[in-house]
Amino acid sequence: MIFIDCTNGAVLIFRGQNDFVKATPEDHPGAVLLWLREHTRRLLDGIYEAKALQPEAGSDTRGINLFPCRGPHCTTAVTNCVKITSSAVLMPEHSQGWAYSIRMRLLSPGEEGYKTESERGFKTCQLSDRHWIIKEEGKASPQDVRGKGVIGMYPILTEGGWILNDESDPNFQYNRNSSLSEHKEERKEDFVYQSCSGRFREGAEGHFSGDMNFVPGTVRDPTGTPFAVEVARFPLYLPKFKY
């Protein structure tokens with residue numbers, strides 16, 4: 001929730017229990033205009049895009065997605081034709097600190113680094129497990145987080161998208177009201193995983209990186225040897241303008 005202090009022009013984000021955080025670098029009568037101008041610049045530059053805010057809920061949640069899609073706060077890595085795009089956004093009003101987004105798919109024909117099915121050795125590949133490294137500045141040891149899949153899902157990647165079925169989404173997070181026979185489709189879009197990193201000490205920044213293991217074919221029906229895919233390091237930073 002955003003407030004404007006009419007006495008000094010400050011733009012403030014409400015954090016609860018009479019606690020506010022500044023949304024602009026400085027307080028002055030024109031601060032709200034600078035705040036809006038910066039938001040507009042990010043939209044025009046393609047840093048922010050209109051997308052589903054909750055991927056599993058689809059177009060019903062379409063809005064301005066604040067995860068950077070390009071620029072210095074967004075990273076991309078390609079391993080064995082699996083493309084991973086990652087970024088984070090500070091949630092000043094939330095106890096979990098940063099939300100992060102990890103997008104994944106197989107490269108499509110025409111993209112740099114693309115290989116055909118015969119060249120890369122598989123038609124599809126499925127996520128089996130992941131390893132995150134979350135490092136807070138000033139601390140010697142990072143957090144190591146390991147687990148199966150992501151948010152209870154095991155996406156099966158295909159060229160330009162992913163396959164939705166009972167193997168990739170065993171808990172029916174997509175198409176919640178569908179039957180098993182209806183719960184199958186090839187989605188021509190990135191698989192998007194969103195979660196939270198946890199909060200650091202007040203004023204501290206850090207970074208997030210890791211890797212994910214994929215099985216050629218599917219976990220149920222593998223067609224090759226599992227391989228690791230890089231999640232390139234991206235910053236958990238304190239922005240000058242907060243939204």
# chains A, B, ... in the order shown; residues from 1 in each chain; ligands from 1
$ residues_around --residues "Cys125 (chain A)" --least-positions-apart "6" --cutoff "12 Å" --atoms "only C-alpha atoms" --output "ChimeraX atom specification"
/A:80-82,104-106,117,154-159,161-163,167-168,212-229
$ closest_atom_pairs --of "region 115-232 of chain A" --to "region 70-78 of chain A" --cutoff "9 Å" --atoms "only C-alpha atoms" --output "JSON lines"
{"residue": "A:Val229", "atom": "CA", "partner": "A:Val78", "partner_atom": "CA", "distance": 7.6}
{"residue": "A:Glu230", "atom": "CA", "partner": "A:Ala77", "partner_atom": "CA", "distance": 6.3}
{"residue": "A:Val231", "atom": "CA", "partner": "A:Ala77", "partner_atom": "CA", "distance": 6.4}
{"residue": "A:Ala232", "atom": "CA", "partner": "A:Ala77", "partner_atom": "CA", "distance": 5.8}
$ write_last_selection --atoms "N, CA, C and O atoms" --output "JSON list (two decimals), in the first residue's frame"
[["chain", "number", "residue", "atom", "x", "y", "z"],
["A", 229, "VAL", "N", 22.00, -27.95, -14.87],
["A", 229, "VAL", "CA", 21.77, -26.70, -15.60],
["A", 229, "VAL", "C", 22.07, -25.53, -14.66],
["A", 229, "VAL", "O", 21.61, -25.51, -13.51],
["A", 230, "GLU", "N", 22.82, -24.56, -15.16],
["A", 230, "GLU", "CA", 23.21, -23.42, -14.33],
["A", 230, "GLU", "C", 22.06, -22.43, -14.14],
["A", 230, "GLU", "O", 21.33, -22.12, -15.08],
["A", 231, "VAL", "N", 21.94, -21.92, -12.92],
["A", 231, "VAL", "CA", 21.12, -20.74, -12.63],
["A", 231, "VAL", "C", 22.12, -19.63, -12.33],
["A", 231, "VAL", "O", 22.75, -19.62, -11.27],
["A", 232, "ALA", "N", 22.32, -18.73, -13.29],
["A", 232, "ALA", "CA", 23.34, -17.70, -13.15],
["A", 232, "ALA", "C", 23.02, -16.77, -11.98],
["A", 232, "ALA", "O", 21.85, -16.47, -11.70]]
$ closest_residue --among "A:Cys196, A:Leu44, A:Leu238, A:Ala50" --to "Val21 (chain A)" --atoms "only C-alpha atoms"
A:Leu238
$ select_by_dssp --residues "region 52-157 of chain A" --states "alpha helix (DSSP H)" --output "JSON, numbers by chain"
{"A": [117, 118, 119, 120]}
$ write_last_selection --atoms "N, CA, C and O atoms" --output "PDB file, in the first residue's frame"
ATOM      1  N   GLU A 117      17.024 -31.804 -31.965  1.00  0.00           N
ATOM      2  CA  GLU A 117      16.807 -32.929 -31.050  1.00  0.00           C
ATOM      3  C   GLU A 117      17.921 -33.963 -31.161  1.00  0.00           C
ATOM      4  O   GLU A 117      18.431 -34.462 -30.145  1.00  0.00           O
ATOM      5  N   SER A 118      18.341 -34.277 -32.372  1.00  0.00           N
ATOM      6  CA  SER A 118      19.398 -35.278 -32.559  1.00  0.00           C
ATOM      7  C   SER A 118      20.747 -34.759 -32.061  1.00  0.00           C
ATOM      8  O   SER A 118      21.558 -35.530 -31.539  1.00  0.00           O
ATOM      9  N   GLU A 119      20.996 -33.459 -32.192  1.00  0.00           N
ATOM     10  CA  GLU A 119      22.269 -32.881 -31.748  1.00  0.00           C
ATOM     11  C   GLU A 119      22.376 -32.827 -30.226  1.00  0.00           C
ATOM     12  O   GLU A 119      23.438 -33.107 -29.663  1.00  0.00           O
ATOM     13  N   ARG A 120      21.280 -32.473 -29.562  1.00  0.00           N
ATOM     14  CA  ARG A 120      21.348 -32.364 -28.099  1.00  0.00           C
ATOM     15  C   ARG A 120      21.089 -33.711 -27.423  1.00  0.00           C
ATOM     16  O   ARG A 120      21.404 -33.901 -26.249  1.00  0.00           O
TER      17      ARG A 120
END
$ atom_distance --atom1 "CA of Lys242 (chain A)" --atom2 "CA of Ser87 (chain A)"
15.3 Å
$ closest_residue --among "A:Ile102, A:Ala204, A:Ile64, A:Leu107" --to "Trp132 (chain A)" --atoms "only C-alpha atoms"
A:Ile102
$ closest_residue --among "A:Trp98, A:Trp35, A:Phe122, A:Tyr114" --to "Gly198 (chain A)" --atoms "only C-alpha atoms"
A:Trp98
$ atom_distance --atom1 "CA of Arg201 (chain A)" --atom2 "CA of Ile2 (chain A)"
23.5 Å
$ residues_around --residues "Ile133 (chain A)" --least-positions-apart "6" --cutoff "6 Å" --atoms "only C-alpha atoms" --output "list in words"
Gln143, Asp144, Phe208, Ser209 and Gly210 of chain A
$ residues_around --residues "Cys69 (chain A)" --least-positions-apart "5" --cutoff "10 Å" --atoms "only C-alpha atoms" --output "ChimeraX atom specification"
/A:42,45-49,74-76,85-88,101
$ write_last_selection --atoms "N, CA, C and O atoms" --output "PDB file, in the first residue's frame"
ATOM      1  N   ARG A  42      10.829   2.067 -16.994  1.00  0.00           N
ATOM      2  CA  ARG A  42      11.050   0.622 -16.943  1.00  0.00           C
ATOM      3  C   ARG A  42      10.068  -0.121 -17.844  1.00  0.00           C
ATOM      4  O   ARG A  42      10.423  -1.129 -18.457  1.00  0.00           O
ATOM      5  N   ASP A  45      11.246   0.580 -21.509  1.00  0.00           N
ATOM      6  CA  ASP A  45      12.494  -0.109 -21.812  1.00  0.00           C
ATOM      7  C   ASP A  45      12.349  -1.629 -21.793  1.00  0.00           C
ATOM      8  O   ASP A  45      13.315  -2.349 -22.053  1.00  0.00           O
ATOM      9  N   GLY A  46      11.163  -2.130 -21.449  1.00  0.00           N
ATOM     10  CA  GLY A  46      10.940  -3.570 -21.424  1.00  0.00           C
ATOM     11  C   GLY A  46      11.479  -4.259 -20.193  1.00  0.00           C
ATOM     12  O   GLY A  46      11.553  -5.495 -20.163  1.00  0.00           O
ATOM     13  N   ILE A  47      11.862  -3.491 -19.183  1.00  0.00           N
ATOM     14  CA  ILE A  47      12.325  -4.099 -17.926  1.00  0.00           C
ATOM     15  C   ILE A  47      11.137  -4.732 -17.208  1.00  0.00           C
ATOM     16  O   ILE A  47      11.234  -5.846 -16.667  1.00  0.00           O
ATOM     17  N   TYR A  48      10.006  -4.025 -17.199  1.00  0.00           N
ATOM     18  CA  TYR A  48       8.754  -4.577 -16.711  1.00  0.00           C
ATOM     19  C   TYR A  48       7.883  -4.926 -17.908  1.00  0.00           C
ATOM     20  O   TYR A  48       7.886  -4.225 -18.923  1.00  0.00           O
ATOM     21  N   GLU A  49       7.099  -6.001 -17.782  1.00  0.00           N
ATOM     22  CA  GLU A  49       6.181  -6.402 -18.839  1.00  0.00           C
ATOM     23  C   GLU A  49       4.839  -6.792 -18.238  1.00  0.00           C
ATOM     24  O   GLU A  49       4.753  -7.135 -17.048  1.00  0.00           O
ATOM     25  N   CYS A  74      18.784  -8.800 -14.208  1.00  0.00           N
ATOM     26  CA  CYS A  74      18.223 -10.031 -14.775  1.00  0.00           C
ATOM     27  C   CYS A  74      19.356 -10.824 -15.412  1.00  0.00           C
ATOM     28  O   CYS A  74      20.180 -10.256 -16.144  1.00  0.00           O
ATOM     29  N   THR A  75      19.445 -12.114 -15.135  1.00  0.00           N
ATOM     30  CA  THR A  75      20.515 -12.938 -15.695  1.00  0.00           C
ATOM     31  C   THR A  75      19.938 -14.099 -16.496  1.00  0.00           C
ATOM     32  O   THR A  75      18.827 -14.563 -16.236  1.00  0.00           O
ATOM     33  N   THR A  76      20.725 -14.551 -17.472  1.00  0.00           N
ATOM     34  CA  THR A  76      20.324 -15.668 -18.329  1.00  0.00           C
ATOM     35  C   THR A  76      21.496 -16.630 -18.471  1.00  0.00           C
ATOM     36  O   THR A  76      22.646 -16.209 -18.600  1.00  0.00           O
ATOM     37  N   THR A  85      16.206 -17.956 -17.106  1.00  0.00           N
ATOM     38  CA  THR A  85      16.216 -16.504 -16.907  1.00  0.00           C
ATOM     39  C   THR A  85      15.750 -16.215 -15.488  1.00  0.00           C
ATOM     40  O   THR A  85      14.701 -16.721 -15.069  1.00  0.00           O
ATOM     41  N   SER A  86      16.541 -15.407 -14.759  1.00  0.00           N
ATOM     42  CA  SER A  86      16.285 -15.225 -13.328  1.00  0.00           C
ATOM     43  C   SER A  86      16.362 -13.759 -12.930  1.00  0.00           C
ATOM     44  O   SER A  86      17.162 -12.996 -13.482  1.00  0.00           O
ATOM     45  N   SER A  87      15.561 -13.370 -11.959  1.00  0.00           N
ATOM     46  CA  SER A  87      15.615 -12.021 -11.390  1.00  0.00           C
ATOM     47  C   SER A  87      14.855 -12.007 -10.074  1.00  0.00           C
ATOM     48  O   SER A  87      14.162 -12.972  -9.732  1.00  0.00           O
ATOM     49  N   ALA A  88      14.995 -10.901  -9.357  1.00  0.00           N
ATOM     50  CA  ALA A  88      14.328 -10.774  -8.061  1.00  0.00           C
ATOM     51  C   ALA A  88      13.794  -9.363  -7.892  1.00  0.00           C
ATOM     52  O   ALA A  88      14.244  -8.424  -8.554  1.00  0.00           O
ATOM     53  N   SER A 101      12.083 -14.879  -9.416  1.00  0.00           N
ATOM     54  CA  SER A 101      11.426 -15.548 -10.529  1.00  0.00           C
ATOM     55  C   SER A 101      12.469 -16.296 -11.340  1.00  0.00           C
ATOM     56  O   SER A 101      13.519 -15.726 -11.680  1.00  0.00           O
TER      57      SER A 101
END
$ select_by_dssp --residues "region 10-188 of chain A" --states "strand (DSSP E or B)" --output "ChimeraX atom specification"
/A:11-16,19-22,49-52,62-65,74-79,82-90,97-106,125-136,143-148,150,153,156-159,161-164,185-187
$ atom_distance --atom1 "CA of Val145 (chain A)" --atom2 "CA of His207 (chain A)"
13.7 Å
$ residues_around --residues "Asp27 (chain A)" --least-positions-apart "5" --cutoff "8 Å" --atoms "only C-alpha atoms" --output "ChimeraX atom specification"
/A:8-11
$ write_last_selection --atoms "all heavy atoms" --output "PDB file, in the first residue's frame"
ATOM      1  N   ASN A   8       5.758  16.819   3.086  1.00  0.00           N
ATOM      2  CA  ASN A   8       7.100  16.891   2.483  1.00  0.00           C
ATOM      3  C   ASN A   8       7.214  16.187   1.135  1.00  0.00           C
ATOM      4  O   ASN A   8       8.292  16.144   0.550  1.00  0.00           O
ATOM      5  CB  ASN A   8       8.149  16.330   3.442  1.00  0.00           C
ATOM      6  CG  ASN A   8       7.912  14.859   3.774  1.00  0.00           C
ATOM      7  OD1 ASN A   8       7.027  14.214   3.219  1.00  0.00           O
ATOM      8  ND2 ASN A   8       8.708  14.330   4.694  1.00  0.00           N
ATOM      9  N   GLY A   9       6.097  15.605   0.637  1.00  0.00           N
ATOM     10  CA  GLY A   9       6.106  14.946  -0.663  1.00  0.00           C
ATOM     11  C   GLY A   9       6.642  13.536  -0.656  1.00  0.00           C
ATOM     12  O   GLY A   9       6.794  12.926  -1.721  1.00  0.00           O
ATOM     13  N   ALA A  10       6.936  12.980   0.516  1.00  0.00           N
ATOM     14  CA  ALA A  10       7.516  11.636   0.581  1.00  0.00           C
ATOM     15  C   ALA A  10       6.542  10.583   0.058  1.00  0.00           C
ATOM     16  O   ALA A  10       5.342  10.635   0.336  1.00  0.00           O
ATOM     17  CB  ALA A  10       7.906  11.307   2.016  1.00  0.00           C
ATOM     18  N   VAL A  11       7.072   9.629  -0.711  1.00  0.00           N
ATOM     19  CA  VAL A  11       6.303   8.475  -1.169  1.00  0.00           C
ATOM     20  C   VAL A  11       6.677   7.303  -0.258  1.00  0.00           C
ATOM     21  O   VAL A  11       7.854   6.945  -0.153  1.00  0.00           O
ATOM     22  CB  VAL A  11       6.608   8.130  -2.635  1.00  0.00           C
ATOM     23  CG1 VAL A  11       5.734   6.962  -3.104  1.00  0.00           C
ATOM     24  CG2 VAL A  11       6.388   9.350  -3.528  1.00  0.00           C
TER      25      VAL A  11
END
$ closest_residue --among "A:Leu53, A:Pro68, A:Glu93, A:Gly30" --to "Gln17 (chain A)" --atoms "only C-alpha atoms"
A:Glu93
$ residues_around --residues "Glu137 (chain A)" --least-positions-apart "2" --cutoff "6 Å" --atoms "only C-alpha atoms" --output "ChimeraX atom specification"
/A:139,205-206
$ closest_residue --among "A:Ile151, A:His28, A:Pro239, A:Gly97" --to "Arg199 (chain A)" --atoms "only C-alpha atoms"
A:Gly97
$ residues_around --residues "Gly152 (chain A)" --least-positions-apart "4" --cutoff "9 Å" --atoms "only C-alpha atoms" --output "JSON, numbers by chain"
{"A": [148, 168, 169, 170, 171, 173]}
$ decode --residues "region 135-161 of chain A" --atoms "N, CA, C and O atoms" --output "CSV table (one decimal), in the first residue's frame"
chain,number,residue,atom,x,y,z
A,135,LYS,N,23.4,-15.9,-0.7
A,135,LYS,CA,24.5,-15.4,0.0
A,135,LYS,C,24.2,-13.9,0.4
A,135,LYS,O,23.8,-13.1,-0.4
A,136,GLU,N,24.3,-13.7,1.7
A,136,GLU,CA,24.1,-12.3,2.3
A,136,GLU,C,25.5,-11.7,2.4
A,136,GLU,O,26.4,-12.3,2.9
A,137,GLU,N,25.6,-10.5,2.0
A,137,GLU,CA,26.9,-9.8,2.1
A,137,GLU,C,27.3,-9.7,3.6
A,137,GLU,O,26.5,-9.5,4.4
A,138,GLY,N,28.6,-9.8,3.8
A,138,GLY,CA,29.1,-9.7,5.2
A,138,GLY,C,29.0,-11.0,6.0
A,138,GLY,O,29.5,-11.1,7.1
A,139,LYS,N,28.4,-12.0,5.4
A,139,LYS,CA,28.4,-13.3,6.1
A,139,LYS,C,29.3,-14.3,5.3
A,139,LYS,O,29.3,-14.4,4.1
A,140,ALA,N,30.0,-15.1,6.1
A,140,ALA,CA,31.0,-16.0,5.5
A,140,ALA,C,30.4,-17.2,4.7
A,140,ALA,O,30.8,-17.5,3.6
A,141,SER,N,29.3,-17.7,5.3
A,141,SER,CA,28.7,-18.9,4.7
A,141,SER,C,27.3,-18.6,4.1
A,141,SER,O,26.5,-17.9,4.7
A,142,PRO,N,27.1,-19.1,2.8
A,142,PRO,CA,25.8,-18.9,2.2
A,142,PRO,C,24.8,-20.0,2.7
A,142,PRO,O,25.1,-20.9,3.4
A,143,GLN,N,23.5,-19.7,2.4
A,143,GLN,CA,22.5,-20.7,2.7
A,143,GLN,C,22.5,-21.7,1.5
A,143,GLN,O,22.4,-21.3,0.3
A,144,ASP,N,22.5,-23.0,1.8
A,144,ASP,CA,22.4,-24.0,0.7
A,144,ASP,C,21.0,-24.7,0.9
A,144,ASP,O,20.7,-25.2,1.9
A,145,VAL,N,20.2,-24.6,-0.2
A,145,VAL,CA,18.9,-25.1,-0.1
A,145,VAL,C,18.7,-26.1,-1.2
A,145,VAL,O,19.0,-25.9,-2.4
A,146,ARG,N,18.4,-27.3,-0.9
A,146,ARG,CA,18.2,-28.4,-1.8
A,146,ARG,C,16.8,-29.0,-1.7
A,146,ARG,O,16.2,-29.0,-0.6
A,147,GLY,N,16.3,-29.4,-2.8
A,147,GLY,CA,14.9,-30.0,-2.8
A,147,GLY,C,14.5,-30.7,-4.1
A,147,GLY,O,15.2,-30.5,-5.1
A,148,LYS,N,13.4,-31.4,-4.1
A,148,LYS,CA,12.9,-32.0,-5.3
A,148,LYS,C,12.0,-31.0,-6.0
A,148,LYS,O,11.1,-30.4,-5.4
A,149,GLY,N,12.1,-30.9,-7.3
A,149,GLY,CA,11.3,-30.1,-8.1
A,149,GLY,C,11.3,-28.7,-7.7
A,149,GLY,O,12.2,-28.2,-7.0
A,150,VAL,N,10.2,-27.9,-8.0
A,150,VAL,CA,10.0,-26.6,-7.5
A,150,VAL,C,8.5,-26.4,-7.2
A,150,VAL,O,7.7,-26.7,-8.0
A,151,ILE,N,8.2,-25.9,-6.0
A,151,ILE,CA,6.9,-25.7,-5.5
A,151,ILE,C,5.9,-26.9,-5.9
A,151,ILE,O,4.8,-26.7,-6.3
A,152,GLY,N,6.5,-28.1,-5.7
A,152,GLY,CA,5.7,-29.3,-6.0
A,152,GLY,C,5.5,-29.6,-7.4
A,152,GLY,O,4.6,-30.5,-7.7
A,153,MET,N,6.2,-29.0,-8.3
A,153,MET,CA,6.1,-29.2,-9.7
A,153,MET,C,7.4,-29.7,-10.3
A,153,MET,O,8.5,-29.4,-9.8
A,154,TYR,N,7.3,-30.5,-11.4
A,154,TYR,CA,8.5,-31.1,-12.1
A,154,TYR,C,8.4,-30.8,-13.6
A,154,TYR,O,8.0,-31.7,-14.3
A,155,PRO,N,8.6,-29.6,-14.0
A,155,PRO,CA,8.3,-29.2,-15.4
A,155,PRO,C,9.0,-30.1,-16.4
A,155,PRO,O,10.2,-30.4,-16.3
A,156,ILE,N,8.3,-30.4,-17.5
A,156,ILE,CA,8.9,-31.1,-18.6
A,156,ILE,C,9.0,-30.1,-19.8
A,156,ILE,O,8.1,-29.6,-20.3
A,157,LEU,N,10.3,-29.8,-20.1
A,157,LEU,CA,10.6,-28.8,-21.1
A,157,LEU,C,10.6,-29.3,-22.5
A,157,LEU,O,11.0,-30.4,-22.7
A,158,THR,N,10.1,-28.5,-23.4
A,158,THR,CA,10.1,-28.8,-24.8
A,158,THR,C,10.5,-27.5,-25.5
A,158,THR,O,10.6,-26.4,-24.9
A,159,GLU,N,10.8,-27.6,-26.8
A,159,GLU,CA,11.2,-26.4,-27.6
A,159,GLU,C,10.2,-25.3,-27.5
A,159,GLU,O,9.0,-25.5,-27.9
A,160,GLY,N,10.6,-24.2,-26.9
A,160,GLY,CA,9.7,-23.0,-26.8
A,160,GLY,C,8.6,-23.1,-25.7
A,160,GLY,O,7.8,-22.2,-25.7
A,161,GLY,N,8.7,-24.1,-24.9
A,161,GLY,CA,7.7,-24.1,-23.8
A,161,GLY,C,7.8,-25.3,-22.9
A,161,GLY,O,9.0,-25.8,-22.6
